[in-house]
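This is data-v1.cif (mmCIF, C-alpha atoms).
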```cif
data_work
#
loop_
_atom_site.label_atom_id
_atom_site.label_comp_id
_atom_site.auth_asym_id
_atom_site.auth_seq_id
_atom_site.Cartn_x
_atom_site.Cartn_y
_atom_site.Cartn_z
CA ALA A 15 118.51 119.87 92.90
CA ALA A 16 120.46 116.80 91.91
CA VAL A 17 122.50 115.80 88.89
CA VAL A 18 124.22 112.65 87.65
CA ASP A 19 126.53 112.67 84.63
CA GLU A 20 127.24 109.92 82.10
CA ASP A 21 130.19 108.67 84.18
CA GLY A 22 128.06 108.26 87.31
CA ASN A 23 129.40 111.33 89.11
CA ALA A 24 126.57 112.58 91.29
CA VAL A 25 125.78 115.74 93.25
CA SER A 26 122.82 116.59 95.46
CA PHE A 27 122.68 120.28 96.36
CA ILE A 28 120.38 122.98 97.62
CA GLN A 29 120.67 126.63 96.66
CA SER A 30 119.00 129.01 99.05
CA LEU A 31 118.65 132.71 99.74
CA TYR A 32 116.67 131.76 102.88
CA PHE A 33 114.05 134.54 103.10
CA GLU A 34 112.16 135.31 99.90
CA PHE A 35 114.68 137.97 98.92
CA GLY A 36 117.59 136.74 101.04
CA SER A 37 119.25 139.59 102.86
CA GLY A 38 117.74 142.14 100.47
CA VAL A 39 121.29 143.29 99.73
CA ILE A 40 122.86 143.20 96.26
CA ALA A 41 126.64 142.70 96.05
CA GLY A 42 127.76 145.99 94.51
CA ASP A 43 126.61 146.26 90.89
CA THR A 44 126.86 142.49 90.24
CA GLY A 45 123.14 141.79 90.49
CA ILE A 46 123.92 138.97 92.94
CA LEU A 47 121.47 138.86 95.82
CA LEU A 48 123.11 137.86 99.11
CA GLN A 49 121.57 135.20 101.33
CA ASN A 50 120.70 135.64 105.00
CA ARG A 51 121.32 132.19 106.49
CA GLY A 52 122.99 133.89 109.44
CA SER A 53 119.64 135.17 110.68
CA PHE A 54 119.43 132.38 113.27
CA PHE A 55 122.44 133.82 115.10
CA SER A 56 121.77 135.83 118.23
CA LEU A 57 123.68 138.78 119.68
CA ASP A 58 122.74 137.57 123.18
CA PRO A 59 125.97 136.04 124.61
CA GLY A 60 123.90 133.54 126.65
CA HIS A 61 121.94 132.23 123.66
CA ILE A 62 122.88 128.82 122.22
CA ASN A 63 123.22 130.40 118.76
CA THR A 64 125.23 133.41 119.86
CA LEU A 65 127.36 134.94 117.12
CA GLU A 66 130.97 133.97 117.79
CA PRO A 67 134.02 132.68 115.88
CA HIS A 68 133.99 129.08 114.56
CA LYS A 69 130.27 128.71 115.28
CA ARG A 70 127.68 127.56 112.78
CA SER A 71 124.12 128.70 113.07
CA PHE A 72 121.22 126.28 112.92
CA HIS A 73 120.09 125.91 109.33
CA THR A 74 117.99 123.60 107.22
CA LEU A 75 120.19 123.04 104.17
CA MET A 76 120.32 119.27 103.87
CA PRO A 77 120.78 117.85 100.39
CA ALA A 78 120.95 114.05 100.67
CA MET A 79 122.51 111.06 98.95
CA ALA A 80 121.95 107.40 99.81
CA CYS A 81 124.63 105.01 98.62
CA ARG A 82 124.57 101.33 97.66
CA GLU A 83 127.88 99.52 98.06
CA GLY A 84 129.69 102.86 98.26
CA LYS A 85 128.14 104.29 95.08
CA PRO A 86 125.38 106.90 94.74
CA ALA A 87 121.94 105.24 94.53
CA ILE A 88 119.40 107.90 95.49
CA LEU A 89 119.93 111.67 95.38
CA TYR A 90 117.14 113.62 97.00
CA GLY A 91 116.23 116.83 98.73
CA THR A 92 113.58 119.39 99.34
CA GLN A 93 113.12 122.93 100.46
CA GLY A 94 110.69 123.44 103.28
CA GLY A 95 112.54 124.68 106.33
CA GLU A 96 112.24 122.46 109.37
CA GLY A 97 109.96 120.07 107.45
CA GLN A 98 112.90 118.91 105.32
CA PRO A 99 113.93 115.92 107.47
CA GLN A 100 110.31 114.74 107.57
CA THR A 101 109.89 114.95 103.79
CA GLN A 102 113.26 113.36 103.12
CA THR A 103 112.41 110.46 105.45
CA LEU A 104 109.11 109.99 103.59
CA LEU A 105 110.86 109.95 100.21
CA LEU A 106 113.52 107.45 101.23
CA THR A 107 111.02 105.19 103.04
CA ARG A 108 108.65 105.17 100.08
CA MET A 109 111.43 104.18 97.71
CA LEU A 110 113.36 101.68 99.85
CA HIS A 111 110.53 100.02 101.76
CA TYR A 112 107.57 100.42 99.41
CA GLY A 113 109.37 100.15 96.07
CA MET A 114 108.06 103.43 94.68
CA ASN A 115 109.79 105.06 91.75
CA PRO A 116 111.05 108.64 92.30
CA GLN A 117 108.05 110.41 90.76
CA THR A 118 105.50 108.35 92.71
CA ALA A 119 107.42 108.87 95.97
CA VAL A 120 107.36 112.64 95.41
CA ASN A 121 103.70 112.75 94.29
CA GLU A 122 102.17 110.81 97.18
CA PRO A 123 100.36 112.80 99.92
CA ARG A 124 102.58 114.35 102.55
CA PHE A 125 102.38 115.62 106.07
CA VAL A 126 104.58 117.92 108.10
CA TRP A 127 104.58 118.51 111.83
CA GLY A 128 105.60 121.87 113.21
CA ARG A 129 107.04 124.83 111.43
CA THR A 130 108.32 124.72 107.89
CA TRP A 131 109.06 128.46 107.96
CA GLY A 132 107.47 131.38 109.68
CA GLU A 133 105.99 131.21 113.16
CA PRO A 134 106.55 128.15 115.36
CA THR A 135 103.56 125.79 115.55
CA GLN A 136 102.70 122.31 116.77
CA GLU A 137 100.18 121.65 114.02
CA LEU A 138 100.25 118.48 111.97
CA LYS A 139 99.56 119.70 108.45
CA VAL A 140 98.23 116.92 106.20
CA GLU A 141 97.38 117.16 102.52
CA SER A 142 93.66 116.79 101.83
CA ARG A 143 94.22 113.66 99.71
CA VAL A 144 94.59 111.74 102.98
CA ALA A 145 91.32 110.09 104.04
CA ASP A 146 89.15 111.96 106.55
CA GLU A 147 89.13 108.85 108.77
CA VAL A 148 92.92 109.06 109.06
CA LEU A 149 92.73 112.75 109.94
CA ALA A 150 90.09 111.99 112.59
CA ASP A 151 92.27 109.22 114.07
CA LEU A 152 95.24 111.60 114.22
CA ALA A 153 93.14 114.24 115.97
CA ALA A 154 91.82 111.60 118.41
CA ALA A 155 95.45 110.70 119.18
CA GLY A 156 96.00 114.29 120.31
CA HIS A 157 97.43 115.95 117.21
CA ILE A 158 96.39 119.44 116.16
CA VAL A 159 95.46 118.47 112.61
CA ARG A 160 95.11 121.01 109.84
CA LYS A 161 94.06 119.81 106.39
CA VAL A 162 95.85 121.70 103.61
CA ASP A 163 95.50 121.66 99.81
CA ASP A 164 96.03 118.51 97.73
CA TYR A 165 99.54 119.46 96.60
CA ASP A 166 100.40 122.18 99.09
CA GLY A 167 103.71 124.04 98.79
CA VAL A 168 104.03 124.08 102.59
CA MET A 169 105.11 120.42 102.20
CA GLY A 170 108.28 121.52 100.46
CA HIS A 171 109.42 121.12 96.89
CA ALA A 172 111.15 117.75 96.56
CA HIS A 173 113.27 116.15 93.87
CA VAL A 174 114.79 112.67 93.49
CA ILE A 175 117.14 110.83 91.17
CA SER A 176 117.44 107.07 91.52
CA ILE A 177 120.31 105.09 90.02
CA ASP A 178 119.84 101.32 89.66
CA ASP A 179 122.56 98.64 89.67
CA ASN A 180 122.97 98.98 85.89
CA GLY A 181 123.45 102.76 86.06
CA TYR A 182 119.96 103.51 84.74
CA ARG A 183 118.64 106.77 86.15
CA SER A 184 115.07 107.84 86.84
CA GLY A 185 113.93 111.09 88.34
CA GLY A 186 111.02 112.80 89.96
CA THR A 187 110.15 116.41 90.58
CA ASP A 188 107.47 117.93 92.75
CA PRO A 189 104.08 118.92 91.34
CA ARG A 190 103.93 121.34 94.30
CA CYS A 191 106.31 123.67 92.44
CA ASP A 192 107.78 124.40 89.06
CA GLY A 193 110.56 122.02 88.18
CA ALA A 194 111.52 119.23 85.83
CA ALA A 195 113.30 115.90 85.80
CA ILE A 196 115.37 115.97 82.62
CA GLY A 197 117.56 113.27 81.13
CA TRP A 198 119.55 113.06 77.95
#
```
How does this structure look as structure tokens?
Amino acid sequence: AAVVDEDGNAVSFIQSLYFEFGSGVIAGDTGILLQNRGSFFSLDPGHINTLEPHKRSFHTLMPAMACREGKPAILYGTQGGEGQPQTQTLLLTRMLHYGMNPQTAVNEPRFVWGRTWGEPTQELKVESRVADEVLADLAAAGHIVRKVDDYDGVMGHAHVISIDDNGYRSGGTDPRCDGAAIGW
């Protein structure tokens, strides 16, 4: 999620429980479900992600903000596990290099290579709105191509707020999930 107030203060953030129900543990009688981001730690002392003091586990929380002349210009992010950097690169490229507005950048067809969550894979998942000729060319180049639905949730659930030089804000939210870009 992202928010910009009337004074131009901006925050890009991602809330996550990680697994569908986080740790599955409720904090006492508060009703607060605890997350399980520590699940990438290992109890094997030889593992790179061994559980030890002052160590951070690998994680995929990466809310983003691009600045223009030191001020927030684009706030963006997505869920989608290890596909997040791919989706975020697509969003930023579409806006900066192709001049797309936030909603168009989010709506356009997406791809993701590898795992988003779940089992590791080397598949290149591509939304079915991409031309069959492109998919055939990717397969001929050696990719394991799997066509997925038009607006498939495996591509993440992205959001963007763009702030122009005059402070005007525009937003986009992903049709692959429930969400809204709201301004007032």
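Put simply, the PyMOL selection byres ((chain A and resi 29) around 12) in this file takes in Ala15, Ala16, Ser26, Phe27, Ile28, Ser30, Leu31, Tyr32, Gly36, Leu48, Gln49, Arg51, Thr74, Leu75, Met76, Pro77, Gly91, Thr92 and Gln93 of chain A.
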Matched chain/residue IDs from the PyMOL selection byres ((chain A and resi 135-145) around 12), as a VMD selection string = chain A and resid 96 to 97 100 121 to 134 146 to 153 155 to 170 190
Report, as lines of an AutoDock Vina configuration file, the axis-aligned box around all atoms of stretch 131-148 of chain A present in the file, extended by 6 Å on each side; give centre and edge lengths in Å to one decimal place.
```
center_x = 99.1
center_y = 120.1
center_z = 108.2
size_x = 31.9
size_y = 34.5
size_z = 29.1
```
query = Which of these, A:Ala119, A:Val17, A:Ala195, A:Ile40, has the shortest distance to A:Thr107 once you count all atoms listed in the file?
reply =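 Checking each of A:Ala119, A:Val17, A:Ala195, A:Ile40 against A:Thr107, counting all atoms listed in the file, the winner is A:Ala119.
Across the structure, atom CA of A:Leu89 and atom CA of A:Gly197 are spaced 14.5 Å apart.
For the pair atom CA of A:Glu66 and atom CA of A:Ser37, the interatomic distance is 19.8 Å.
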request  = For A:Gly22, work out the shell of residues within 12 Å, counting all atoms listed in the file and skipping chain neighbours fewer than 5 positions away, then give it as a PyMOL selection string.
outcome  = chain A and resi 17+85-89+175-183
key: For A:Leu105, the nearest of the candidates A:Ala41, A:Leu57, A:Ala172, A:Ile62, counting all atoms listed in the file   = A:Ala172
query = Interatomic distance between atom CA of A:Tyr112 and atom CA of A:Asp192?
reply = 26.1 Å
Where atoms are absent from stretch 95-108 of chain A, fill them in so it carries N, CA and C atoms, then output it as a PDB file, in the coordinates of the input.
```pdb
ATOM      1  N   GLY A  95     112.153 124.346 104.964  1.00  0.00           N
ATOM      2  CA  GLY A  95     112.540 124.680 106.330  1.00  0.00           C
ATOM      3  C   GLY A  95     112.684 123.451 107.209  1.00  0.00           C
ATOM      4  N   GLU A  96     112.076 123.519 108.384  1.00  0.00           N
ATOM      5  CA  GLU A  96     112.240 122.460 109.370  1.00  0.00           C
ATOM      6  C   GLU A  96     111.432 121.209 109.023  1.00  0.00           C
ATOM      7  N   GLY A  97     110.655 121.258 107.937  1.00  0.00           N
ATOM      8  CA  GLY A  97     109.960 120.070 107.450  1.00  0.00           C
ATOM      9  C   GLY A  97     110.838 119.188 106.578  1.00  0.00           C
ATOM     10  N   GLN A  98     112.041 119.659 106.223  1.00  0.00           N
ATOM     11  CA  GLN A  98     112.900 118.910 105.320  1.00  0.00           C
ATOM     12  C   GLN A  98     113.218 117.492 105.810  1.00  0.00           C
ATOM     13  N   PRO A  99     113.618 117.297 107.064  1.00  0.00           N
ATOM     14  CA  PRO A  99     113.930 115.920 107.470  1.00  0.00           C
ATOM     15  C   PRO A  99     112.710 115.004 107.411  1.00  0.00           C
ATOM     16  N   GLN A 100     111.522 115.550 107.645  1.00  0.00           N
ATOM     17  CA  GLN A 100     110.310 114.740 107.570  1.00  0.00           C
ATOM     18  C   GLN A 100     110.044 114.311 106.126  1.00  0.00           C
ATOM     19  N   THR A 101     110.132 115.260 105.202  1.00  0.00           N
ATOM     20  CA  THR A 101     109.890 114.950 103.790  1.00  0.00           C
ATOM     21  C   THR A 101     110.946 114.003 103.262  1.00  0.00           C
ATOM     22  N   GLN A 102     112.194 114.232 103.614  1.00  0.00           N
ATOM     23  CA  GLN A 102     113.260 113.360 103.120  1.00  0.00           C
ATOM     24  C   GLN A 102     113.096 111.937 103.656  1.00  0.00           C
ATOM     25  N   THR A 103     112.660 111.797 104.897  1.00  0.00           N
ATOM     26  CA  THR A 103     112.410 110.460 105.450  1.00  0.00           C
ATOM     27  C   THR A 103     111.271 109.779 104.695  1.00  0.00           C
ATOM     28  N   LEU A 104     110.215 110.546 104.381  1.00  0.00           N
ATOM     29  CA  LEU A 104     109.110 109.990 103.590  1.00  0.00           C
ATOM     30  C   LEU A 104     109.603 109.495 102.236  1.00  0.00           C
ATOM     31  N   LEU A 105     110.381 110.316 101.542  1.00  0.00           N
ATOM     32  CA  LEU A 105     110.860 109.950 100.210  1.00  0.00           C
ATOM     33  C   LEU A 105     111.685 108.666 100.251  1.00  0.00           C
ATOM     34  N   LEU A 106     112.646 108.612 101.154  1.00  0.00           N
ATOM     35  CA  LEU A 106     113.520 107.450 101.230  1.00  0.00           C
ATOM     36  C   LEU A 106     112.743 106.201 101.640  1.00  0.00           C
ATOM     37  N   THR A 107     111.842 106.327 102.604  1.00  0.00           N
ATOM     38  CA  THR A 107     111.020 105.190 103.040  1.00  0.00           C
ATOM     39  C   THR A 107     110.149 104.676 101.909  1.00  0.00           C
ATOM     40  N   ARG A 108     109.524 105.575 101.197  1.00  0.00           N
ATOM     41  CA  ARG A 108     108.650 105.170 100.080  1.00  0.00           C
ATOM     42  C   ARG A 108     109.425 104.406  99.018  1.00  0.00           C
TER      43      ARG A 108
END
```
